[in-house]
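Shown next: coords14.txt, given as compact mmCIF, C-alpha atoms and all ligand atoms.
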```
# COMPACT_ATOMS: atom_id res chain seq x y z
CA MET A 1 113.95 98.85 77.41
CA ALA A 2 110.44 99.14 76.00
CA SER A 3 109.24 102.67 75.39
CA THR A 4 105.88 104.01 74.15
CA SER A 5 107.45 107.17 72.80
CA SER A 6 110.80 108.68 72.13
CA SER A 7 109.69 112.28 71.63
CA SER A 8 109.07 114.85 74.34
CA THR A 9 105.62 115.78 75.64
CA THR A 10 103.29 118.28 73.96
CA HIS A 11 101.30 120.95 75.74
CA PHE A 12 97.69 120.39 74.73
CA SER A 13 95.16 123.20 74.96
CA ALA A 14 91.54 122.07 74.86
CA GLU A 15 91.44 123.25 71.26
CA SER A 16 94.53 121.34 70.11
CA TYR A 17 93.35 118.29 72.05
CA PHE A 18 90.04 118.10 70.19
CA ALA A 19 91.78 118.88 66.88
CA THR A 20 94.14 115.91 67.21
CA GLN A 21 92.35 113.19 69.24
CA LEU A 22 89.47 111.18 67.77
CA PRO A 23 85.92 111.30 69.17
CA PRO A 24 84.39 108.05 70.47
CA PRO A 25 82.30 106.33 67.77
CA THR A 26 79.10 106.59 69.83
CA LEU A 27 79.32 110.36 70.38
CA ALA A 28 76.77 111.47 67.77
CA HIS A 29 74.24 108.89 68.96
CA ASP A 30 74.78 109.83 72.61
CA ILE A 31 74.29 113.49 71.88
CA ASP A 32 71.04 112.88 69.96
CA GLY A 33 69.71 111.31 73.16
CA VAL A 34 70.89 114.22 75.30
CA ARG A 35 69.33 116.74 72.92
CA ALA A 36 65.94 115.04 73.13
CA PHE A 37 66.21 114.79 76.92
CA VAL A 38 67.10 118.48 77.27
CA ALA A 39 64.21 119.52 75.01
CA ARG A 40 61.75 117.54 77.20
CA GLN A 41 63.09 118.96 80.46
CA ARG A 42 63.16 122.47 79.09
CA ALA A 43 59.53 122.22 77.99
CA ALA A 44 58.66 120.96 81.48
CA GLY A 45 60.59 123.84 83.13
CA LYS A 46 62.89 121.44 85.00
CA LYS A 47 66.26 122.26 86.46
CA VAL A 48 68.86 119.85 85.09
CA VAL A 49 72.06 118.59 86.67
CA LEU A 50 74.92 116.85 84.90
CA VAL A 51 76.57 114.46 87.35
CA THR A 52 79.90 112.99 86.26
CA SER A 53 81.00 109.94 88.18
CA GLY A 54 83.72 107.29 88.41
CA GLY A 55 87.26 107.17 87.11
CA THR A 56 88.67 107.45 83.61
CA THR A 57 91.16 105.04 82.08
CA VAL A 58 94.26 105.90 80.06
CA PRO A 59 94.97 103.22 77.43
CA LEU A 60 98.62 102.48 76.67
CA GLU A 61 98.04 100.80 73.29
CA LEU A 62 95.67 101.44 70.37
CA ASN A 63 94.67 97.76 70.48
CA VAL A 64 94.31 98.16 74.19
CA VAL A 65 95.53 95.45 76.51
CA ARG A 66 96.87 97.64 79.30
CA PHE A 67 95.63 100.88 80.77
CA LEU A 68 96.05 103.11 83.82
CA ASP A 69 93.07 103.53 86.08
CA ASN A 70 92.18 105.14 89.39
CA PHE A 71 90.38 104.21 92.57
CA SER A 72 86.98 105.89 92.13
CA ALA A 73 84.02 103.53 92.52
CA GLY A 74 81.48 106.22 91.59
CA THR A 75 79.84 106.27 95.01
CA ARG A 76 79.78 110.07 95.31
CA GLY A 77 78.21 110.54 91.89
CA ALA A 78 75.65 107.72 92.07
CA THR A 79 74.53 108.71 95.57
CA SER A 80 74.30 112.40 94.69
CA ALA A 81 72.27 111.64 91.55
CA GLU A 82 69.59 110.02 93.74
CA TYR A 83 69.39 113.07 95.99
CA PHE A 84 69.18 115.41 92.99
CA LEU A 85 66.26 113.38 91.64
CA LYS A 86 64.62 113.57 95.05
CA ALA A 87 65.10 117.36 94.99
CA GLY A 88 63.16 117.56 91.71
CA TYR A 89 66.04 117.82 89.24
CA ALA A 90 66.27 116.00 85.94
CA VAL A 91 69.63 114.21 85.93
CA VAL A 92 72.11 113.42 83.19
CA PHE A 93 74.26 110.77 84.83
CA MET A 94 77.54 110.44 82.95
CA HIS A 95 79.49 107.61 84.48
CA ARG A 96 82.35 105.21 83.97
CA GLN A 97 81.05 101.97 82.50
CA PHE A 98 80.40 99.43 85.31
CA SER A 99 80.87 101.98 88.11
CA LEU A 100 78.07 102.43 90.63
CA GLN A 101 74.73 103.75 89.43
CA PRO A 102 71.83 105.43 91.24
CA PHE A 103 69.54 102.92 93.00
CA SER A 104 71.35 99.73 91.96
CA ARG A 105 74.34 100.98 94.01
CA HIS A 106 72.49 99.83 97.16
CA TYR A 107 72.95 96.25 96.00
CA SER A 108 76.56 96.35 94.85
CA HIS A 109 78.02 92.87 94.46
CA SER A 110 80.81 93.65 96.91
CA THR A 111 78.90 95.33 99.76
CA ASN A 112 75.35 93.99 99.57
CA PRO A 113 75.02 91.21 96.97
CA PHE A 114 71.55 91.12 95.46
CA LEU A 115 71.27 87.33 95.66
CA ASP A 116 71.62 87.55 99.45
CA LEU A 117 68.27 89.40 99.57
CA LEU A 118 66.37 86.53 98.05
CA GLU A 119 64.87 83.35 99.49
CA ILE A 120 63.72 80.26 97.63
CA GLU A 121 60.33 78.99 98.77
CA THR A 122 59.18 75.56 97.73
CA PRO A 123 55.40 75.19 97.97
CA ALA A 124 53.96 72.04 99.52
CA PRO A 125 53.25 69.34 96.84
CA SER A 126 49.71 69.40 95.48
CA SER A 127 47.80 66.12 95.88
CA SER A 128 45.69 66.74 92.72
CA VAL A 129 48.61 66.62 90.23
CA ALA A 130 50.69 63.82 91.64
CA SER A 131 53.29 63.61 88.85
CA THR A 132 54.54 67.26 88.74
CA SER A 133 56.70 68.74 91.45
CA PRO A 134 55.75 72.32 92.45
CA THR A 135 57.83 75.17 90.99
CA PRO A 136 59.84 76.97 93.70
CA ASP A 137 59.08 80.65 94.20
CA ILE A 138 61.45 83.53 94.92
CA THR A 139 60.72 85.97 97.73
CA VAL A 140 62.58 88.88 99.32
CA THR A 141 64.04 88.39 102.78
CA SER A 142 61.53 90.01 105.11
CA THR A 143 64.08 92.30 106.83
CA GLN A 144 65.08 93.76 103.44
CA ARG A 145 61.61 94.19 101.97
CA ALA A 146 60.84 97.74 103.13
CA ASP A 147 64.17 99.14 101.95
CA LEU A 148 63.98 97.32 98.62
CA LEU A 149 60.42 98.52 98.04
CA GLU A 150 61.43 102.14 98.66
CA ILE A 151 64.47 101.94 96.39
CA LEU A 152 62.59 100.06 93.68
CA THR A 153 59.78 102.63 93.75
CA SER A 154 62.24 105.52 93.31
CA TYR A 155 64.09 103.59 90.58
CA LYS A 156 60.89 102.87 88.64
CA HIS A 157 59.75 106.46 89.03
CA ALA A 158 63.06 107.85 87.76
CA HIS A 159 62.76 105.70 84.66
CA THR A 160 59.05 106.02 83.89
CA SER A 161 59.12 109.79 84.44
CA GLY A 162 62.09 110.10 82.07
CA LEU A 163 64.00 112.20 84.59
CA LEU A 164 67.20 110.14 84.52
CA HIS A 165 69.36 109.95 81.42
CA THR A 166 72.47 107.79 81.56
CA LEU A 167 75.67 108.04 79.50
CA THR A 168 78.84 106.00 79.82
CA PHE A 169 82.53 106.62 79.26
CA VAL A 170 85.62 104.49 79.77
CA THR A 171 88.72 106.40 78.71
CA VAL A 172 89.71 109.96 79.53
CA ASN A 173 89.30 110.67 75.81
CA ASP A 174 85.67 109.45 75.86
CA TYR A 175 85.09 111.60 78.94
CA LEU A 176 86.48 114.81 77.45
CA TRP A 177 84.59 114.51 74.17
CA LEU A 178 81.37 113.61 75.93
CA LEU A 179 81.67 116.36 78.54
CA ARG A 180 82.20 119.03 75.91
CA ALA A 181 79.33 117.85 73.71
CA VAL A 182 76.91 117.40 76.65
CA ALA A 183 77.79 120.84 78.07
CA GLN A 184 77.17 122.41 74.67
CA GLU A 185 73.70 120.79 74.60
CA LEU A 186 72.88 121.77 78.18
CA ALA A 187 73.97 125.38 77.59
CA VAL A 188 70.51 126.13 76.18
CA LEU A 189 69.16 125.80 79.76
CA LYS A 190 71.33 128.77 80.73
CA HIS A 191 71.30 129.32 84.52
CA SER A 192 68.98 126.35 85.14
CA VAL A 193 71.78 123.86 84.58
CA LEU A 194 74.08 122.68 87.32
CA TYR A 195 77.32 120.80 86.65
CA TYR A 196 78.41 118.42 89.41
CA LEU A 197 81.81 117.15 88.30
CA ALA A 198 82.56 114.31 90.68
CA ALA A 199 84.39 112.05 88.22
CA ALA A 200 88.03 111.36 88.98
CA VAL A 201 89.62 112.48 85.73
CA SER A 202 93.13 111.46 84.80
CA ASP A 203 95.61 114.33 84.67
CA PHE A 204 97.88 112.53 82.19
CA PHE A 205 97.30 110.65 78.96
CA LEU A 206 99.04 109.21 75.92
CA PRO A 207 98.03 110.95 72.69
CA ARG A 208 97.02 108.40 70.05
CA GLN A 209 99.90 109.59 67.84
CA LYS A 210 102.34 108.27 70.46
CA MET A 211 100.62 105.01 71.28
CA SER A 212 101.95 101.66 70.23
CA GLU A 213 99.50 100.04 67.79
CA HIS A 214 99.88 96.59 69.29
CA LYS A 215 100.45 95.20 72.74
CA ILE A 216 103.69 96.57 74.20
CA GLN A 217 106.19 93.72 74.21
CA SER A 218 108.14 92.72 77.26
CA GLY A 219 111.66 91.28 77.15
CA LYS A 220 113.43 94.59 76.60
CA GLY A 221 113.83 95.52 80.25
CA SER A 222 111.84 98.20 82.06
CA LEU A 223 108.97 100.14 80.51
CA LEU A 224 109.28 103.93 80.29
CA ILE A 225 106.14 105.90 79.54
CA GLU A 226 106.13 109.65 79.14
CA MET A 227 102.63 111.06 79.26
CA ASP A 228 101.21 114.40 78.24
CA GLN A 229 99.07 116.53 80.48
CA VAL A 230 95.33 116.37 79.90
CA PRO A 231 94.12 119.89 79.10
CA LYS A 232 92.17 121.60 81.88
CA ILE A 233 88.67 121.67 80.52
CA LEU A 234 86.96 123.71 83.24
CA LYS A 235 88.19 126.96 81.69
CA PRO A 236 86.61 126.46 78.23
CA MET A 237 83.55 124.99 79.89
CA VAL A 238 83.00 128.19 81.89
CA ASP A 239 84.08 130.61 79.16
CA GLU A 240 82.68 128.94 76.04
CA TRP A 241 80.69 125.72 76.28
CA SER A 242 78.12 126.66 78.93
CA PRO A 243 78.87 130.16 80.24
CA ASP A 244 75.65 130.53 82.27
CA GLY A 245 75.81 127.15 84.01
CA PHE A 246 76.41 126.76 87.74
CA VAL A 247 79.62 124.74 87.89
CA VAL A 248 80.71 122.69 90.89
CA SER A 249 84.01 120.83 90.69
CA PHE A 250 85.59 118.51 93.24
CA LYS A 251 89.13 118.58 94.55
CA LEU A 252 90.57 115.39 95.91
CA GLU A 253 93.71 115.49 98.03
CA THR A 254 95.45 113.12 100.39
CA ASP A 255 97.15 115.96 102.31
CA PRO A 256 94.27 117.84 104.00
CA THR A 257 96.29 121.06 104.34
CA LEU A 258 96.26 121.39 100.54
CA LEU A 259 92.48 121.27 100.17
CA ILE A 260 91.62 124.93 100.67
CA PRO A 261 94.63 126.45 98.87
CA LYS A 262 94.11 124.12 95.89
CA ALA A 263 90.38 124.82 95.82
CA ARG A 264 90.99 128.57 95.90
CA ALA A 265 93.55 128.29 93.12
CA ALA A 266 91.06 126.33 90.98
CA LEU A 267 88.35 128.97 91.49
CA ALA A 268 90.76 131.75 90.56
CA ARG A 269 92.03 129.87 87.49
CA TYR A 270 88.74 128.64 86.05
CA GLY A 271 86.23 131.23 87.28
CA HIS A 272 83.51 128.74 88.16
CA GLN A 273 81.22 128.80 91.19
CA ILE A 274 82.21 126.19 93.79
CA VAL A 275 84.96 123.73 94.54
CA ILE A 276 84.10 120.98 96.98
CA GLY A 277 87.28 119.77 98.63
CA ASN A 278 87.52 116.24 99.94
CA ASP A 279 90.28 114.30 101.63
CA LEU A 280 90.62 110.73 100.37
CA ASN A 281 90.21 109.11 103.77
CA ARG A 282 87.56 111.45 105.20
CA ARG A 283 85.45 112.05 102.10
CA LYS A 284 82.44 110.07 103.31
CA HIS A 285 81.87 112.28 106.36
CA GLU A 286 83.63 115.59 105.70
CA VAL A 287 83.83 118.00 102.76
CA VAL A 288 84.59 121.69 102.44
CA PHE A 289 82.76 124.12 100.15
CA VAL A 290 85.00 126.85 98.79
CA ALA A 291 83.03 129.40 96.80
CA ARG A 292 83.47 132.79 95.27
CA ALA A 293 82.41 135.35 97.84
CA ALA A 294 79.54 136.58 95.63
CA GLN A 295 77.63 133.35 96.48
CA PRO A 296 77.50 133.15 100.27
CA PRO A 297 75.92 130.03 101.78
CA THR A 298 72.13 130.24 101.52
CA VAL A 299 71.11 127.03 103.21
CA ALA A 300 72.27 125.94 106.61
CA PRO A 301 73.10 122.22 106.56
CA ALA A 302 70.40 120.30 108.39
CA LEU A 303 72.76 118.53 110.76
CA PRO A 304 72.45 117.73 114.42
CA SER A 305 74.32 120.45 116.28
CA SER A 306 77.00 117.97 117.39
CA ASP A 307 77.87 117.40 113.73
CA LEU A 308 78.37 121.06 112.91
CA PRO A 309 81.89 122.36 112.46
CA SER A 310 83.03 125.01 114.87
CA SER A 311 82.14 128.45 113.52
CA GLU A 312 85.68 129.80 113.40
CA GLU A 313 86.57 127.24 110.71
CA ASN A 314 83.99 128.76 108.37
CA GLY A 315 83.98 132.22 106.92
CA ASP A 316 85.63 134.44 104.35
CA VAL A 317 89.14 133.75 103.15
CA GLY A 318 90.07 136.62 100.86
CA LEU A 319 87.78 136.40 97.83
CA ASN A 320 86.31 133.08 98.91
CA THR A 321 83.85 131.70 101.41
CA VAL A 322 84.79 128.48 103.15
CA SER A 323 82.22 126.23 104.81
CA TRP A 324 82.76 122.76 106.16
CA LEU A 325 80.10 120.09 106.09
CA ARG A 326 80.49 117.14 108.41
CA ILE A 327 78.48 114.19 109.62
CA ALA A 328 79.53 111.83 112.37
CA PRO A 329 81.17 108.74 110.77
CA ASP A 330 78.57 106.51 112.45
CA ALA A 331 75.55 108.85 111.95
CA GLN A 332 72.25 107.12 111.16
CA ASP A 333 68.95 108.32 109.76
CA VAL A 334 65.61 107.92 111.55
CA ARG A 335 65.30 104.36 110.24
CA GLY A 336 68.71 103.37 111.50
CA ARG A 337 70.43 103.39 108.11
CA PRO A 338 73.84 105.06 107.69
CA ARG A 339 73.50 108.77 106.84
CA GLU A 340 75.06 109.86 103.58
CA ILE A 341 76.92 113.15 103.36
CA GLU A 342 75.72 113.52 99.75
CA GLU A 343 72.24 114.31 101.12
CA ASP A 344 73.68 117.41 102.81
CA ILE A 345 75.92 118.31 99.88
CA VAL A 346 72.99 118.20 97.47
CA ARG A 347 70.69 120.15 99.82
CA GLU A 348 73.29 122.88 100.11
CA LEU A 349 73.88 123.02 96.36
CA VAL A 350 70.18 123.11 95.52
CA GLY A 351 69.90 126.23 97.72
CA ARG A 352 72.91 127.89 96.18
CA HIS A 353 71.82 127.03 92.64
CA GLN A 354 68.35 128.45 93.29
CA ALA A 355 69.92 131.67 94.58
CA TRP A 356 71.93 131.77 91.33
CA ILE A 357 68.78 131.32 89.23
CA ASP A 358 66.93 133.96 91.28
CA ARG A 359 69.79 136.33 90.68
CA TRP A 360 70.33 135.72 86.96
CA GLY A 361 67.11 134.11 85.72
CA GLY A 362 66.42 130.52 84.62
CA ASP A 363 66.64 129.47 80.98
CA ALA A 364 65.39 132.84 79.70
O1 LIG B 1 83.73 107.86 93.39
P1 LIG B 1 84.09 107.81 94.85
O2 LIG B 1 84.85 106.56 95.18
O3 LIG B 1 82.90 108.05 95.74
O4 LIG B 1 85.09 109.05 95.10
C1 LIG B 1 84.63 110.35 94.93
C2 LIG B 1 85.79 111.29 94.50
C3 LIG B 1 86.79 111.38 95.61
C4 LIG B 1 86.44 110.77 93.22
C5 LIG B 1 85.13 112.71 94.23
O5 LIG B 1 84.54 113.19 95.39
C6 LIG B 1 86.19 113.70 93.71
O6 LIG B 1 86.92 114.31 94.46
N1 LIG B 1 86.25 113.84 92.35
C7 LIG B 1 87.25 114.73 91.66
C8 LIG B 1 88.61 114.07 91.71
C9 LIG B 1 89.52 114.70 90.70
O7 LIG B 1 89.61 114.26 89.59
O8 LIG B 1 90.14 115.78 91.08
P2 LIG B 1 91.17 116.53 90.09
O9 LIG B 1 92.08 117.28 90.97
O10 LIG B 1 91.82 115.62 89.11
O11 LIG B 1 90.24 117.49 89.27
C10 LIG B 1 89.60 118.58 89.89
C11 LIG B 1 88.47 119.05 89.01
O12 LIG B 1 89.03 119.58 87.79
C12 LIG B 1 87.49 117.94 88.67
O13 LIG B 1 86.20 118.33 89.13
C13 LIG B 1 87.52 117.86 87.16
O14 LIG B 1 86.23 117.97 86.63
C14 LIG B 1 88.33 119.07 86.70
N2 LIG B 1 89.28 118.66 85.68
C15 LIG B 1 90.03 117.55 85.84
C16 LIG B 1 90.90 117.18 84.83
C17 LIG B 1 90.96 117.96 83.68
N3 LIG B 1 91.74 117.62 82.69
N4 LIG B 1 90.24 119.06 83.55
C18 LIG B 1 89.43 119.45 84.54
O15 LIG B 1 88.81 120.49 84.42
```

This entry written out as structure tokens:
Amino acid sequence: MASTSSSSTTHFSAESYFATQLPPPTLAHDIDGVRAFVARQRAAGKKVVLVTSGGTTVPLELNVVRFLDNFSAGTRGATSAEYFLKAGYAVVFMHRQFSLQPFSRHYSHSTNPFLDLLEIETPAPSSSVASTSPTPDITVTSTQRADLLEILTSYKHAHTSGLLHTLTFVTVNDYLWLLRAVAQELAVLKHSVLYYLAAAVSDFFLPRQKMSEHKIQSGKGSLLIEMDQVPKILKPMVDEWSPDGFVVSFKLETDPTLLIPKARAALARYGHQIVIGNDLNRRKHEVVFVARAAQPPTVAPALPSSDLPSSEENGDVGLNTVSWLRIAPDAQDVRGRPREIEEDIVRELVGRHQAWIDRWGGDA
């Protein structure tokens, strides 16, 4: 039997985690970039959102050959980042390397390969230069041109205006170190910063002290791995790293009856502002906002009335408000493109965040 560890698991607090696990080598460089970005946005009086996106890996070896991963493609985060930019926010987009990114997500290799948008056009041969054959040209398929132009324009604007700053992580360790350091930089923005934690973060990990240095060998029967629990970082984030920030976490479940109780438990435990619950199979057209009762909904979702949840599902549940947001699975926008629930999620959050700033002040 191969085993990665023979000792029992340790309970890691955030503090003991950061005291015993090593930071990623690029952390200092990454944070220099964030600091400069925050200074620019602060001078410009911008609201800033940190969007986390995609899944984290859990390596099983120090010289990593194998790792655990999860399903997240980063769609929620990449899509939401676009809508935050549209709403006038500056965006720190912290995502899993190679997961979807704002704008380029529209041309993902699996759903809409970029090469399929292009045509090769060979000009007619010129009679004046008989010996050289004309160089073929590349054009965009006419049916795709309008969409591509719109996306390209937004993409170029996000980059030339300096409103989008991108960071990458791979492992859960990278994620935790980066999240803490970025939150500590963003804290200077006080109530003007919104945290939108859509990444799917592993709940279990192998501390480096228990990892095999080299590839785990087979040939000894089954593999037993005992993992430690990743510390819950929302608590120190709210209490210490960025106490004035408006923090939105996500709760993913596969049993829909657990969504609201789990979301309420998270709010009570961590003391942040909103949990957005989503069921794995319905997440693209249904989410539920569970908030502390002090922040009632301020913005009605701009949905066709047929999409609205029945009113008795929404309302106060003890100390929390519960509001469902739904779009029809086949809903389209005015141009016939599929509607994206992230547009409604972001609109709702922008309203709630503004109410928070109006109540407590911006970065003063
Ligand atoms: O990327 P897609 O394919 O579009 O999918 C989107 C999504 C389903 C991944 C997204 O909408 C979502 O639900 N993300 C959160 C999933 C998740 O990790 O849930 P969780 O129960 O593990 O964590 C809940 C919250 O606690 C998270 O917001 C996380 O920031 C926080 N957390 C998690 C682990 C940890 N150690 N400490 C934390 O504070």

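When only C-alpha atoms and all ligand atoms are used to measure the gap to ligand LIG 1 (chain B), the shortest distance among A:Ala90, A:Leu267, A:Leu319, A:Val49 belongs to A:Leu267.
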
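The coordinates place atom CA of Lys190 of chain A at 7.3 Å from atom CA of Ser242 of chain A.
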
Check which residues of chain A sit at most 7 Å from ligand LIG 1 (chain B) using only C-alpha atoms and all ligand atoms, and return one row each with the closest pair of atoms and their distance in Å to one decimal, ordered by chain and rising number, as a Markdown table.
```
| residue | atom | partner | partner_atom | distance |
| --- | --- | --- | --- | --- |
| A:Ser53 | CA | B:LIG1 | O1 | 6.2 |
| A:Gly54 | CA | B:LIG1 | O1 | 5.0 |
| A:Phe71 | CA | B:LIG1 | O2 | 6.6 |
| A:Ser72 | CA | B:LIG1 | O2 | 3.8 |
| A:Ala73 | CA | B:LIG1 | O2 | 4.1 |
| A:Gly74 | CA | B:LIG1 | O1 | 3.3 |
| A:Thr75 | CA | B:LIG1 | O3 | 3.6 |
| A:Arg76 | CA | B:LIG1 | O3 | 3.7 |
| A:Gly77 | CA | B:LIG1 | O1 | 6.3 |
| A:Leu197 | CA | B:LIG1 | O13 | 4.6 |
| A:Ala198 | CA | B:LIG1 | N1 | 4.1 |
| A:Ala199 | CA | B:LIG1 | N1 | 4.9 |
| A:Ala200 | CA | B:LIG1 | O7 | 3.4 |
| A:Val201 | CA | B:LIG1 | O7 | 4.3 |
| A:Ser202 | CA | B:LIG1 | O10 | 6.1 |
| A:Asp203 | CA | B:LIG1 | N3 | 5.5 |
| A:Val230 | CA | B:LIG1 | N3 | 4.7 |
| A:Pro231 | CA | B:LIG1 | N3 | 4.9 |
| A:Lys232 | CA | B:LIG1 | N4 | 3.6 |
| A:Ile233 | CA | B:LIG1 | O15 | 4.1 |
| A:Leu234 | CA | B:LIG1 | O15 | 3.9 |
| A:Ser249 | CA | B:LIG1 | O13 | 3.7 |
| A:Phe250 | CA | B:LIG1 | O13 | 4.2 |
| A:Lys251 | CA | B:LIG1 | O8 | 4.6 |
| A:Leu252 | CA | B:LIG1 | O6 | 4.1 |
| A:Gly277 | CA | B:LIG1 | O6 | 6.9 |
| A:Asn278 | CA | B:LIG1 | O6 | 5.8 |
| A:Leu280 | CA | B:LIG1 | C3 | 6.1 |
| A:Arg283 | CA | B:LIG1 | C3 | 6.7 |
```

Given all atoms listed in the file as the basis, pick out the residue of A:Val172, A:Ala39, A:Asp239, A:Lys47 nearest to Glu185 of chain A.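 Checking each candidate against Glu185 of chain A, we get A:Ala39 as the closest.
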
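Each of A:Asp32, A:Asp147, A:Asp244, A:Glu82 was checked against Gly361 of chain A using only C-alpha atoms; the smallest atom-to-atom distance is that of A:Asp244.
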
(106.0, 113.7, 76.8) in this file's frame - what residues fall within 10 Å of it? Use all atoms listed in the file and give the answer as a PDB file with C-alpha atoms, keeping the file's coordinate frame.
```pdb
ATOM      1  CA  SER A   5     107.450 107.170  72.800  1.00  0.00           C
ATOM      2  CA  SER A   6     110.800 108.680  72.130  1.00  0.00           C
ATOM      3  CA  SER A   7     109.690 112.280  71.630  1.00  0.00           C
ATOM      4  CA  SER A   8     109.070 114.850  74.340  1.00  0.00           C
ATOM      5  CA  THR A   9     105.620 115.780  75.640  1.00  0.00           C
ATOM      6  CA  THR A  10     103.290 118.280  73.960  1.00  0.00           C
ATOM      7  CA  HIS A  11     101.300 120.950  75.740  1.00  0.00           C
ATOM      8  CA  PHE A 204      97.880 112.530  82.190  1.00  0.00           C
ATOM      9  CA  PHE A 205      97.300 110.650  78.960  1.00  0.00           C
ATOM     10  CA  LEU A 206      99.040 109.210  75.920  1.00  0.00           C
ATOM     11  CA  PRO A 207      98.030 110.950  72.690  1.00  0.00           C
ATOM     12  CA  LYS A 210     102.340 108.270  70.460  1.00  0.00           C
ATOM     13  CA  ILE A 225     106.140 105.900  79.540  1.00  0.00           C
ATOM     14  CA  GLU A 226     106.130 109.650  79.140  1.00  0.00           C
ATOM     15  CA  MET A 227     102.630 111.060  79.260  1.00  0.00           C
ATOM     16  CA  ASP A 228     101.210 114.400  78.240  1.00  0.00           C
ATOM     17  CA  GLN A 229      99.070 116.530  80.480  1.00  0.00           C
TER      18      GLN A 229
END
```

Hey, can you check how far atom CA of Phe37 of chain A sits from atom CA of Val193 of chain A?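 These two atoms are separated by 13.1 Å.
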
Residue with the minimum atom-to-atom distance to Ser13 of chain A, picked from A:Ala266, A:Pro236, A:Leu118, A:Gln354 with all atoms listed in the file counted, is A:Pro236
